[in-house]
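Coordinates as given in data31.cif (mmCIF, C-alpha atoms):
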```
data_my_file
#
loop_
_atom_site.label_atom_id
_atom_site.label_comp_id
_atom_site.auth_asym_id
_atom_site.auth_seq_id
_atom_site.Cartn_x
_atom_site.Cartn_y
_atom_site.Cartn_z
CA MET A 1 0.00 0.00 0.00
CA LYS A 2 2.83 2.34 0.80
CA ARG A 3 4.42 1.52 -2.53
CA VAL A 4 1.21 2.46 -4.39
CA SER A 5 1.00 5.77 -2.53
CA CYS A 6 4.58 6.58 -3.34
CA PHE A 7 4.01 5.80 -7.03
CA ILE A 8 0.97 8.08 -7.20
CA ALA A 9 2.86 10.91 -5.54
CA PHE A 10 5.72 10.48 -7.98
CA VAL A 11 3.38 10.65 -11.01
CA ALA A 12 1.68 13.79 -9.66
CA LEU A 13 5.03 15.47 -9.11
CA VAL A 14 6.11 14.74 -12.69
CA ALA A 15 2.80 16.08 -14.06
CA VAL A 16 3.10 19.33 -12.12
CA SER A 17 6.67 19.75 -13.27
CA CYS A 18 5.70 19.25 -16.94
CA SER A 19 2.77 21.68 -16.66
CA SER A 20 5.02 24.34 -15.16
CA GLN A 21 7.59 23.84 -17.92
CA LYS A 22 4.84 24.14 -20.59
CA LYS A 23 3.60 27.45 -19.14
CA GLU A 24 7.13 28.78 -19.06
CA ASP A 25 7.59 27.81 -22.73
CA GLU A 26 4.31 29.48 -23.72
CA SER A 27 5.27 32.65 -21.84
CA GLU A 28 8.61 32.72 -23.60
CA ASN A 29 6.87 32.33 -27.00
CA VAL A 30 4.55 35.27 -26.28
CA GLU A 31 7.47 37.46 -25.26
CA VAL A 32 9.33 36.51 -28.43
CA ALA A 33 6.26 37.38 -30.53
CA LYS A 34 5.92 40.73 -28.77
CA ALA A 35 9.56 41.50 -29.31
CA SER A 36 9.21 40.53 -32.94
CA PHE A 37 6.19 42.85 -33.34
CA VAL A 38 7.91 45.78 -31.66
CA SER A 39 11.02 45.39 -33.73
CA GLU A 40 9.06 45.19 -37.02
CA ARG A 41 9.90 48.03 -39.41
CA ASN A 42 7.11 49.72 -41.40
CA ILE A 43 8.55 51.28 -44.57
CA VAL A 44 6.90 54.67 -45.22
CA ASP A 45 7.16 57.76 -47.42
CA THR A 46 7.00 61.17 -45.78
CA ILE A 47 6.75 64.89 -46.39
CA HIS A 48 7.49 67.93 -44.26
CA LEU A 49 4.23 69.72 -43.49
CA LYS A 50 4.15 73.24 -44.92
CA ARG A 51 1.67 76.04 -45.28
CA ARG A 52 0.99 76.85 -48.92
CA ASP A 53 -1.68 77.89 -51.37
CA PHE A 54 -4.49 75.37 -51.77
CA ASN A 55 -6.40 75.03 -55.01
CA ARG A 56 -9.98 74.52 -53.91
CA GLN A 57 -12.00 72.59 -56.47
CA VAL A 58 -15.64 71.91 -57.19
CA ILE A 59 -16.31 69.12 -59.68
CA THR A 60 -19.46 69.20 -61.80
CA ASN A 61 -20.78 68.33 -65.25
CA GLY A 62 -20.87 70.72 -68.19
CA LYS A 63 -21.68 70.97 -71.87
CA LEU A 64 -19.61 72.43 -74.69
CA ARG A 65 -20.94 75.17 -76.95
CA ALA A 66 -18.90 76.72 -79.76
CA VAL A 67 -18.05 80.38 -79.28
CA ALA A 68 -18.82 80.99 -82.97
CA LYS A 69 -21.74 79.01 -84.39
CA SER A 70 -24.14 79.94 -87.16
CA ILE A 71 -27.15 78.31 -88.79
CA LEU A 72 -26.83 78.99 -92.53
CA ALA A 73 -29.55 79.16 -95.18
CA PHE A 74 -29.70 80.15 -98.84
CA PRO A 75 -31.25 83.65 -99.05
CA VAL A 76 -33.14 82.51 -102.14
CA SER A 77 -34.95 79.26 -102.94
CA GLY A 78 -34.00 77.02 -105.82
CA THR A 79 -32.73 73.64 -106.93
CA LEU A 80 -29.55 72.40 -105.26
CA GLN A 81 -26.88 71.93 -107.90
CA ASP A 82 -23.72 71.12 -105.96
CA ILE A 83 -22.56 70.47 -102.38
CA VAL A 84 -18.90 71.42 -102.15
CA VAL A 85 -18.16 70.17 -98.60
CA LYS A 86 -19.38 67.33 -96.42
CA ASN A 87 -20.39 67.20 -92.78
CA GLY A 88 -17.30 67.52 -90.58
CA GLN A 89 -15.14 69.14 -93.24
CA TYR A 90 -13.34 72.42 -92.65
CA VAL A 91 -14.13 75.47 -94.77
CA SER A 92 -12.24 78.77 -94.86
CA LYS A 93 -13.90 82.14 -94.40
CA GLY A 94 -15.63 83.03 -97.67
CA GLY A 95 -15.37 79.47 -98.94
CA VAL A 96 -18.28 78.04 -100.94
CA ILE A 97 -20.34 75.42 -99.12
CA ALA A 98 -23.02 74.70 -101.75
CA ARG A 99 -24.54 76.11 -104.95
CA LEU A 100 -28.03 76.37 -106.35
CA ASP A 101 -28.81 76.03 -110.05
CA PRO A 102 -27.87 79.53 -111.29
CA THR A 103 -29.89 79.36 -114.52
CA PRO A 104 -32.93 81.39 -113.34
CA ALA A 105 -30.70 84.04 -111.75
CA THR A 106 -28.43 84.15 -114.81
CA ASN A 107 -31.41 84.69 -117.14
CA LYS A 108 -32.75 87.44 -114.92
CA LEU A 109 -29.34 89.13 -114.91
CA ALA A 110 -29.21 89.03 -118.71
CA GLN A 111 -32.65 90.65 -118.91
CA SER A 112 -31.63 93.32 -116.43
CA ARG A 113 -28.56 94.16 -118.47
CA GLN A 114 -30.66 94.59 -121.59
CA SER A 115 -33.06 96.84 -119.71
CA MET A 116 -30.10 98.84 -118.47
CA GLU A 117 -28.82 99.34 -122.01
CA ARG A 118 -32.24 100.55 -123.20
CA SER A 119 -32.56 102.96 -120.30
CA GLU A 120 -29.08 104.36 -120.97
CA LEU A 121 -30.06 105.03 -124.60
CA SER A 122 -33.29 106.69 -123.50
CA PHE A 123 -31.33 108.74 -120.97
CA MET A 124 -29.00 110.07 -123.66
CA ASN A 125 -31.92 110.94 -125.94
CA GLU A 126 -33.64 112.85 -123.16
CA LEU A 127 -30.46 114.84 -122.50
CA ILE A 128 -30.24 115.76 -126.16
CA GLY A 129 -33.84 116.94 -125.98
CA TYR A 130 -32.80 119.31 -123.20
CA GLY A 131 -29.94 120.55 -125.33
CA TYR A 132 -27.13 118.75 -123.52
CA GLY A 133 -24.53 116.21 -124.61
CA ARG A 134 -23.15 113.08 -122.94
CA ASP A 135 -21.00 114.96 -120.44
CA THR A 136 -23.29 115.13 -117.39
CA SER A 137 -20.71 116.99 -115.29
CA LYS A 138 -21.80 120.24 -116.91
CA ILE A 139 -25.53 119.60 -116.59
CA PRO A 140 -27.42 121.01 -113.58
CA PRO A 141 -28.16 118.24 -111.04
CA GLU A 142 -31.90 119.01 -111.15
CA ILE A 143 -31.99 118.30 -114.91
CA VAL A 144 -30.03 115.04 -114.51
CA LYS A 145 -32.43 113.87 -111.80
CA VAL A 146 -35.50 114.53 -113.97
CA VAL A 147 -33.98 112.84 -117.02
CA ARG A 148 -33.00 109.72 -115.01
CA LEU A 149 -36.57 109.39 -113.80
CA LYS A 150 -38.20 109.94 -117.21
CA SER A 151 -35.85 107.52 -118.98
CA GLY A 152 -36.31 104.74 -116.41
CA TYR A 153 -32.57 104.77 -115.78
CA ASN A 154 -32.90 104.51 -111.98
CA ASP A 155 -35.31 101.57 -112.17
CA ALA A 156 -33.08 99.72 -114.60
CA LEU A 157 -30.00 100.30 -112.44
CA TYR A 158 -31.81 99.00 -109.33
CA SER A 159 -33.03 95.90 -111.21
CA LEU A 160 -29.50 95.19 -112.46
CA LYS A 161 -28.01 95.35 -108.95
CA GLN A 162 -30.80 93.15 -107.60
CA ALA A 163 -30.19 90.55 -110.32
CA GLU A 164 -26.46 90.52 -109.57
CA GLU A 165 -27.16 90.00 -105.87
CA GLU A 166 -29.59 87.15 -106.57
CA LEU A 167 -26.98 85.41 -108.70
CA ALA A 168 -24.43 85.80 -105.90
CA LYS A 169 -26.96 84.34 -103.44
CA THR A 170 -27.04 81.05 -105.34
CA GLU A 171 -23.70 80.32 -103.65
CA LEU A 172 -23.76 79.68 -99.90
CA LYS A 173 -20.48 80.93 -98.42
CA ALA A 174 -18.96 80.60 -94.96
CA PRO A 175 -19.10 83.83 -92.91
CA PHE A 176 -16.17 82.55 -90.82
CA ALA A 177 -13.79 79.60 -90.85
CA GLY A 178 -15.08 76.41 -89.27
CA LYS A 179 -16.52 72.93 -89.70
CA VAL A 180 -19.76 72.21 -91.50
CA ALA A 181 -22.51 70.18 -89.79
CA ASN A 182 -26.13 69.09 -90.27
CA ILE A 183 -26.19 68.99 -94.08
CA SER A 184 -29.11 66.75 -95.00
CA ALA A 185 -30.16 67.94 -98.48
CA LYS A 186 -29.12 66.15 -101.68
CA PRO A 187 -28.24 67.56 -105.11
CA TYR A 188 -31.25 68.36 -107.36
CA GLU A 189 -33.58 68.76 -104.39
CA SER A 190 -35.52 71.98 -103.95
CA VAL A 191 -33.95 73.99 -101.15
CA SER A 192 -35.41 76.72 -98.98
CA GLY A 193 -34.72 77.62 -95.37
CA VAL A 194 -31.93 76.17 -93.20
CA PHE A 195 -29.24 74.28 -95.09
CA CYS A 196 -26.44 73.60 -92.57
CA THR A 197 -24.65 74.70 -89.40
CA LEU A 198 -21.17 76.21 -89.33
CA ILE A 199 -19.09 75.73 -86.18
CA ASP A 200 -15.77 77.32 -85.29
CA ASP A 201 -14.39 74.53 -83.10
CA SER A 202 -11.15 76.30 -82.19
CA ARG A 203 -12.73 77.72 -79.01
CA PHE A 204 -15.63 76.53 -76.88
CA GLU A 205 -17.76 77.84 -74.08
CA VAL A 206 -18.33 75.41 -71.22
CA MET A 207 -21.80 75.75 -69.71
CA PHE A 208 -22.19 74.38 -66.17
CA SER A 209 -24.13 75.04 -62.97
CA LEU A 210 -23.06 75.42 -59.35
CA LEU A 211 -25.04 75.47 -56.12
CA GLU A 212 -25.45 78.74 -54.24
CA SER A 213 -23.01 77.52 -51.60
CA GLU A 214 -20.43 76.61 -54.23
CA VAL A 215 -20.59 79.71 -56.39
CA SER A 216 -19.56 81.98 -53.53
CA PHE A 217 -15.88 81.08 -53.86
CA ILE A 218 -15.51 81.60 -57.64
CA LYS A 219 -15.42 84.75 -59.72
CA VAL A 220 -14.92 85.85 -63.32
CA GLY A 221 -11.29 85.23 -64.23
CA ASN A 222 -10.89 82.09 -62.09
CA THR A 223 -9.48 79.04 -63.83
CA VAL A 224 -11.30 75.82 -64.68
CA GLN A 225 -10.10 72.46 -65.92
CA VAL A 226 -12.17 70.43 -68.35
CA ALA A 227 -11.85 66.71 -69.10
CA LEU A 228 -13.63 64.44 -71.54
CA TYR A 229 -15.33 61.38 -70.11
CA SER A 230 -13.62 59.36 -72.85
CA ASP A 231 -10.18 60.80 -71.97
CA ALA A 232 -10.03 61.75 -68.30
CA GLU A 233 -6.23 62.15 -68.35
CA THR A 234 -6.17 65.11 -70.76
CA LEU A 235 -7.12 68.40 -69.10
CA TYR A 236 -8.10 71.58 -70.94
CA LYS A 237 -7.51 74.80 -69.03
CA GLY A 238 -9.99 77.66 -69.31
CA VAL A 239 -11.18 80.85 -67.67
CA ILE A 240 -14.59 81.74 -66.22
CA THR A 241 -16.12 84.50 -68.37
CA GLN A 242 -19.70 84.79 -67.05
CA ILE A 243 -21.65 84.11 -63.86
CA ASN A 244 -25.39 84.50 -64.36
CA PRO A 245 -26.81 86.50 -61.39
CA ILE A 246 -30.00 84.42 -61.12
CA VAL A 247 -30.70 81.31 -59.04
CA ASP A 248 -32.94 78.83 -60.87
CA GLU A 249 -35.69 76.69 -59.36
CA LYS A 250 -33.13 73.99 -58.51
CA GLY A 251 -31.04 76.41 -56.47
CA GLN A 252 -28.30 76.52 -59.07
CA ILE A 253 -26.47 79.33 -60.85
CA ALA A 254 -25.35 79.12 -64.49
CA VAL A 255 -21.64 79.68 -65.09
CA THR A 256 -19.78 80.00 -68.40
CA ALA A 257 -16.09 79.42 -69.03
CA GLU A 258 -14.07 79.51 -72.24
CA ILE A 259 -11.45 76.96 -73.32
CA VAL A 260 -9.22 76.42 -76.36
CA ASN A 261 -9.62 73.21 -78.37
CA SER A 262 -5.90 72.50 -78.32
CA SER A 263 -6.24 68.81 -79.23
CA GLY A 264 -9.01 69.14 -81.80
CA LYS A 265 -11.01 66.48 -79.95
CA LEU A 266 -13.68 68.79 -78.53
CA ILE A 267 -17.07 68.70 -80.26
CA GLU A 268 -20.13 70.93 -80.10
CA GLY A 269 -22.64 69.67 -77.51
CA MET A 270 -20.20 67.27 -75.84
CA ASN A 271 -20.72 66.47 -72.14
CA VAL A 272 -17.60 67.08 -70.06
CA LYS A 273 -16.34 67.07 -66.48
CA VAL A 274 -15.62 70.56 -65.15
CA ILE A 275 -13.29 71.34 -62.25
CA ALA A 276 -13.85 74.90 -61.03
CA GLU A 277 -10.91 76.23 -59.04
CA SER A 278 -10.19 78.92 -56.48
CA LEU A 279 -6.86 79.63 -54.77
CA LEU A 280 -6.88 79.76 -50.94
CA LYS A 281 -3.83 81.10 -49.13
CA ASN A 282 -1.77 79.72 -46.22
CA LYS A 283 -3.25 76.24 -45.70
CA LEU A 284 -1.74 73.07 -44.21
CA VAL A 285 -1.82 70.81 -47.26
CA VAL A 286 -1.19 67.05 -47.41
CA PRO A 287 -1.68 64.43 -50.14
CA LYS A 288 -4.96 62.57 -49.88
CA SER A 289 -3.06 59.36 -49.14
CA ALA A 290 -1.83 60.86 -45.85
CA VAL A 291 -5.30 60.84 -44.27
CA VAL A 292 -6.84 57.52 -43.17
CA MET A 293 -9.91 56.57 -41.16
CA ARG A 294 -9.66 55.31 -37.60
CA ASP A 295 -12.78 54.81 -35.46
CA ASN A 296 -14.74 56.93 -37.97
CA PHE A 297 -12.36 59.86 -37.54
CA ASP A 298 -9.87 61.33 -40.00
CA VAL A 299 -6.33 60.58 -38.86
CA LEU A 300 -2.83 61.17 -40.13
CA PHE A 301 0.45 59.91 -38.71
CA ARG A 302 3.34 62.11 -37.70
CA ILE A 303 6.78 60.74 -36.90
CA ASP A 304 8.48 61.02 -33.54
CA LYS A 305 11.93 61.88 -34.87
CA GLU A 306 13.75 60.79 -31.69
CA ARG A 307 12.22 57.30 -31.54
CA ASN A 308 11.25 56.75 -35.20
CA ARG A 309 7.73 55.88 -34.14
CA SER A 310 4.38 56.88 -35.55
CA MET A 311 2.16 59.34 -33.69
CA TRP A 312 -1.57 59.03 -34.25
CA THR A 313 -2.98 62.54 -34.92
CA TYR A 314 -6.67 63.39 -35.31
CA VAL A 315 -7.38 66.00 -38.00
CA LYS A 316 -10.30 67.67 -39.72
CA VAL A 317 -10.37 67.97 -43.49
CA GLU A 318 -11.33 71.57 -44.31
CA MET A 319 -11.60 70.99 -48.06
CA SER A 320 -10.33 68.70 -50.78
CA ASN A 321 -9.39 68.72 -54.43
CA SER A 322 -8.49 65.88 -56.77
CA GLN A 323 -5.08 65.29 -55.15
CA TYR A 324 -4.83 67.04 -51.78
CA HIS A 325 -6.56 67.80 -48.48
CA ALA A 326 -6.34 71.04 -46.53
CA VAL A 327 -6.29 69.92 -42.88
CA VAL A 328 -6.38 71.36 -39.36
CA PRO A 329 -5.84 69.59 -36.02
CA ASN A 330 -8.98 68.19 -34.40
CA ASN A 331 -9.23 70.34 -31.27
CA GLU A 332 -12.00 68.16 -29.87
CA LYS A 333 -9.41 65.39 -29.64
CA ASN A 334 -6.71 67.72 -28.30
CA ALA A 335 -4.69 67.03 -31.43
CA GLU A 336 -1.54 68.92 -32.30
CA LEU A 337 -0.29 69.67 -35.81
CA ASN A 338 2.44 72.13 -36.73
CA GLU A 339 4.29 73.33 -39.77
CA GLY A 340 7.50 71.31 -40.14
CA ASP A 341 6.02 68.06 -38.79
CA ILE A 342 7.06 64.92 -40.67
CA ILE A 343 3.88 63.41 -42.13
CA ILE A 344 3.59 59.82 -43.36
CA VAL A 345 2.01 59.75 -46.83
CA SER A 346 2.30 56.05 -47.75
CA GLY A 347 2.58 52.78 -45.87
CA ASN A 348 0.18 54.12 -43.25
CA LEU A 349 -2.84 51.86 -43.74
CA ASN A 350 -1.88 49.39 -41.01
CA LEU A 351 -0.04 51.71 -38.64
CA ALA A 352 -0.98 52.16 -35.01
CA GLU A 353 0.14 54.55 -32.29
CA GLY A 354 3.82 53.95 -31.58
CA SER A 355 4.53 51.69 -34.56
CA ASN A 356 8.16 51.48 -35.58
CA VAL A 357 8.71 53.15 -38.94
CA GLU A 358 11.53 53.42 -41.43
CA ILE A 359 11.53 56.33 -43.87
CA LYS A 360 12.04 55.14 -47.43
CA ASN A 361 12.87 58.54 -48.89
CA ARG A 362 15.26 59.68 -46.16
#
```
What would the structure in this file look like if it were written as structure tokens?
Amino acid sequence: MKRVSCFIAFVALVAVSCSSQKKEDESENVEVAKASFVSERNIVDTIHLKRRDFNRQVITNGKLRAVAKSILAFPVSGTLQDIVVKNGQYVSKGGVIARLDPTPATNKLAQSRQSMERSELSFMNELIGYGYGRDTSKIPPEIVKVVRLKSGYNDALYSLKQAEEELAKTELKAPFAGKVANISAKPYESVSGVFCTLIDDSRFEVMFSLLESEVSFIKVGNTVQVALYSDAETLYKGVITQINPIVDEKGQIAVTAEIVNSSGKLIEGMNVKVIAESLLKNKLVVPKSAVVMRDNFDVLFRIDKERNRSMWTYVKVEMSNSQYHAVVPNNEKNAELNEGDIIIVSGNLNLAEGSNVEIKNR
């Protein structure tokens, strides 16, 4: 019996010893893991925080409208003889776009010339009847006026000029250089009214609307940037030329800017993205990547230069543009942010307060 008791005591002692050793091993493993975590290096990019001008932006949609655009029509009706240009083609100022059959106008001009010749002959005969010759410079103006009326000279001269103008109107010419659009008629069709549209696509107006709260920070002369939805990388710079002083039923104000079609890709009526800009002075500006969310608050990380550790800093974003935030310290969280602070701008997604960091761009 004593032997059994001794055996049981021995087994219990061994079990306790093993359990104690296991706990010690586990404790050592935890400490090693902690040490490994603390010594981990987070590679980051940084900037030195500075006060500078901030380009405030409001992004909205707009529509392009050519600065010079004209709906063209033949001044006279007739049969379309020839279309010189096609839709989308460029025509110089004064260039012919299309022609009507000139036969009726040509016949009328020939008749007017004959009438003019007859009236000139009658005019000369009337002068002879008054005792004067061909040299009208020596004839009293009152006599010349009477003779011109009696001979029908004035009427014939007016008819001749009218016939010449009607012949000229059979050609539709461009009042300015541009591209032709909306030609739908075909040769030998009867034409009257609108024939085509002429667009100078070298410059465009951008029509867009801003809310009352947004329009307060822009003014005539401010810059805008315009991008096509099909080519968001290419930006066209322009200037605000008009701000309509009326708020519509949607609470919006119409704004007009002007841009140059430097690429030739802009088209009348095209929908575009508009970035209206206004310069604000003396702001703490950081890249958007510097600000992350923690516990539903905006946070950025500064670097403790002595310990190379991250410092969690609550901020408020005053305003944003496509690339940057203007920030201020969150006073409700007793945050501190000063010009000259080293701000982490990348590698900050998984950082915590006191994380070890290594500056990549040092």
Review point. Any idea what's packed within 6 Å of range 81-85 of chain A, counting all atoms listed in the file, ignoring anything in its chain fewer than 6 positions away? Could you give it as a list of chain:residue names?
Key: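 Final neighbour list, sorted by chain and number: A:Ile97, A:Ala98, A:Arg99, A:Leu100, A:Asp101, A:Pro187, A:Tyr188.
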**Study point:** Result set, the PyMOL selection byres ((chain A and resi 278-283) around 9) on current file, as JSON, numbers by chain
**Key:** {"A": [50, 51, 52, 53, 54, 55, 56, 57, 58, 217, 218, 219, 222, 223, 224, 276, 277, 284, 285, 326, 327, 328]}
Check your understanding: Where does the PyMOL selection byres ((chain A and resi 205) around 10) land in this file, that is, which residues does it pick, as a ChimeraX atom specification?
Key -> /A:62-68,203-204,206-208,238-241,255-260,268
Mind dumping the selected residues with C-alpha atoms as a PDB file, in the frame of the given file?
```pdb
ATOM      1  CA  GLY A  62     -20.870  70.720 -68.190  1.00  0.00           C
ATOM      2  CA  LYS A  63     -21.680  70.970 -71.870  1.00  0.00           C
ATOM      3  CA  LEU A  64     -19.610  72.430 -74.690  1.00  0.00           C
ATOM      4  CA  ARG A  65     -20.940  75.170 -76.950  1.00  0.00           C
ATOM      5  CA  ALA A  66     -18.900  76.720 -79.760  1.00  0.00           C
ATOM      6  CA  VAL A  67     -18.050  80.380 -79.280  1.00  0.00           C
ATOM      7  CA  ALA A  68     -18.820  80.990 -82.970  1.00  0.00           C
ATOM      8  CA  ARG A 203     -12.730  77.720 -79.010  1.00  0.00           C
ATOM      9  CA  PHE A 204     -15.630  76.530 -76.880  1.00  0.00           C
ATOM     10  CA  VAL A 206     -18.330  75.410 -71.220  1.00  0.00           C
ATOM     11  CA  MET A 207     -21.800  75.750 -69.710  1.00  0.00           C
ATOM     12  CA  PHE A 208     -22.190  74.380 -66.170  1.00  0.00           C
ATOM     13  CA  GLY A 238      -9.990  77.660 -69.310  1.00  0.00           C
ATOM     14  CA  VAL A 239     -11.180  80.850 -67.670  1.00  0.00           C
ATOM     15  CA  ILE A 240     -14.590  81.740 -66.220  1.00  0.00           C
ATOM     16  CA  THR A 241     -16.120  84.500 -68.370  1.00  0.00           C
ATOM     17  CA  VAL A 255     -21.640  79.680 -65.090  1.00  0.00           C
ATOM     18  CA  THR A 256     -19.780  80.000 -68.400  1.00  0.00           C
ATOM     19  CA  ALA A 257     -16.090  79.420 -69.030  1.00  0.00           C
ATOM     20  CA  GLU A 258     -14.070  79.510 -72.240  1.00  0.00           C
ATOM     21  CA  ILE A 259     -11.450  76.960 -73.320  1.00  0.00           C
ATOM     22  CA  VAL A 260      -9.220  76.420 -76.360  1.00  0.00           C
ATOM     23  CA  GLU A 268     -20.130  70.930 -80.100  1.00  0.00           C
TER      24      GLU A 268
END
```
**Study point:** For range 116-129 of chain A: contacts at 9 Å, only C-alpha atoms, fewer than 6 positions along chain excluded, given as a ChimeraX atom specification
**Key:** /A:136,143-144,147-157,159-160
Review point. Quick one: which residues end up in the PyMOL selection byres ((chain A and resi 346) around 8) for this structure, as a PyMOL selection string?
Key: chain A and resi 44-46+289-290+344-345+347-349
Contacts of Asp201 in chain A at 12 Å or less, counting only C-alpha atoms, minus same-chain residues fewer than 6 places along, as an mmCIF file with C-alpha atoms, in the frame of the given file?
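Full text of out_8.cif as output:
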```cif
data_model
loop_
_atom_site.group_PDB
_atom_site.id
_atom_site.type_symbol
_atom_site.label_atom_id
_atom_site.label_comp_id
_atom_site.auth_asym_id
_atom_site.auth_seq_id
_atom_site.Cartn_x
_atom_site.Cartn_y
_atom_site.Cartn_z
ATOM 1 C CA LEU A 64 -19.610 72.430 -74.690
ATOM 2 C CA ARG A 65 -20.940 75.170 -76.950
ATOM 3 C CA ALA A 66 -18.900 76.720 -79.760
ATOM 4 C CA VAL A 67 -18.050 80.380 -79.280
ATOM 5 C CA ALA A 68 -18.820 80.990 -82.970
ATOM 6 C CA LYS A 69 -21.740 79.010 -84.390
ATOM 7 C CA SER A 70 -24.140 79.940 -87.160
ATOM 8 C CA GLY A 88 -17.300 67.520 -90.580
ATOM 9 C CA GLN A 89 -15.140 69.140 -93.240
ATOM 10 C CA TYR A 90 -13.340 72.420 -92.650
ATOM 11 C CA VAL A 91 -14.130 75.470 -94.770
ATOM 12 C CA PHE A 176 -16.170 82.550 -90.820
ATOM 13 C CA ALA A 177 -13.790 79.600 -90.850
ATOM 14 C CA GLY A 178 -15.080 76.410 -89.270
ATOM 15 C CA LYS A 179 -16.520 72.930 -89.700
ATOM 16 C CA VAL A 180 -19.760 72.210 -91.500
ATOM 17 C CA ALA A 181 -22.510 70.180 -89.790
ATOM 18 C CA GLU A 258 -14.070 79.510 -72.240
ATOM 19 C CA ILE A 259 -11.450 76.960 -73.320
ATOM 20 C CA VAL A 260 -9.220 76.420 -76.360
ATOM 21 C CA ASN A 261 -9.620 73.210 -78.370
ATOM 22 C CA SER A 262 -5.900 72.500 -78.320
ATOM 23 C CA SER A 263 -6.240 68.810 -79.230
ATOM 24 C CA GLY A 264 -9.010 69.140 -81.800
ATOM 25 C CA LYS A 265 -11.010 66.480 -79.950
ATOM 26 C CA LEU A 266 -13.680 68.790 -78.530
ATOM 27 C CA ILE A 267 -17.070 68.700 -80.260
ATOM 28 C CA GLU A 268 -20.130 70.930 -80.100
ATOM 29 C CA GLY A 269 -22.640 69.670 -77.510
ATOM 30 C CA MET A 270 -20.200 67.270 -75.840
#
```
Review point. Between CA of Ile59 in chain A and CA of Val247 in chain A, what is the spacing in Å?
Key: 18.9 Å
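Here CA of Gly193 in chain A is placed at a distance of 20.9 Å from CA of Glu164 in chain A.
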**Study point:** Counting all atoms listed in the file, the residue of A:Leu211, A:Ala185, A:Val272, A:Val220 that sits nearest Leu235 in chain A
**Key:**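 Closest to Leu235 in chain A of all the choices is A:Val272.
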Exercise for review: May I ask for the distance between CA of Asn182 in chain A and CA of Leu228 in chain A, given in Å to one decimal place?
Suggested key: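 Taking CA of Asn182 in chain A as the start and CA of Leu228 in chain A as the end point, the length is 23.0 Å.
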Review point. So, counting only C-alpha atoms, which residue among A:Ser213, A:Val315, A:Ile343, A:Lys305 is closest to Pro287 in chain A?
Key: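 Looking only at the distances to Pro287 in chain A, the closest residue turns out to be A:Ile343.
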Check your understanding: From the set A:Glu142, A:Glu171, A:Asp200, A:Glu336, which residue has the shortest atom-to-atom contact distance to Ile71 in chain A, counting only C-alpha atoms?
Key ->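 Distance minimum relative to Ile71 in chain A lands on A:Asp200.
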Can you sort out the box for range 140-147 of chain A, edges along x, y and z, all listed atoms in, 3 Å on every side, with centre and edge lengths in Å to one decimal, as lines of an AutoDock Vina configuration file?
```
center_x = -31.5
center_y = 116.9
center_z = -114.0
size_x = 14.1
size_y = 14.2
size_z = 12.0
```
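When all atoms listed in the file are used to measure the gap to Leu72 in chain A, the shortest distance among A:Ile139, A:Leu172, A:Val292, A:Leu337 belongs to A:Leu172.
Excluding Gln162 in chain A itself and same-chain residues fewer than 3 positions from it, the residues having an atom within 12 Å of it are Ala105, Thr106, Lys108, Leu109, Ala110, Gln111, Ser112, Arg113, Asp155, Ala156, Leu157, Tyr158, Ser159, Glu165, Glu166, Leu167, Ala168 and Lys169 of chain A, counting all atoms listed in the file.
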Exercise for review: Mind listing whatever residues come within 10 Å of the point (12.1, 53.0, -43.9)? Use only C-alpha atoms, file coordinates, and give them as a PyMOL selection string.
Suggested key: chain A and resi 41-46+308+347+356-362
Review point. For Gln252 in chain A, which of A:Ser77, A:Lys86, A:Ala227, A:Ser216 is the closest residue, counting all atoms listed in the file?
Key: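 Smallest separation from Gln252 in chain A among the options: A:Ser216.
Checking A:Asp298, A:Ser192, A:Lys333, A:Pro175 one by one against Glu318 in chain A, counting only C-alpha atoms, you find the shortest gap at A:Asp298.
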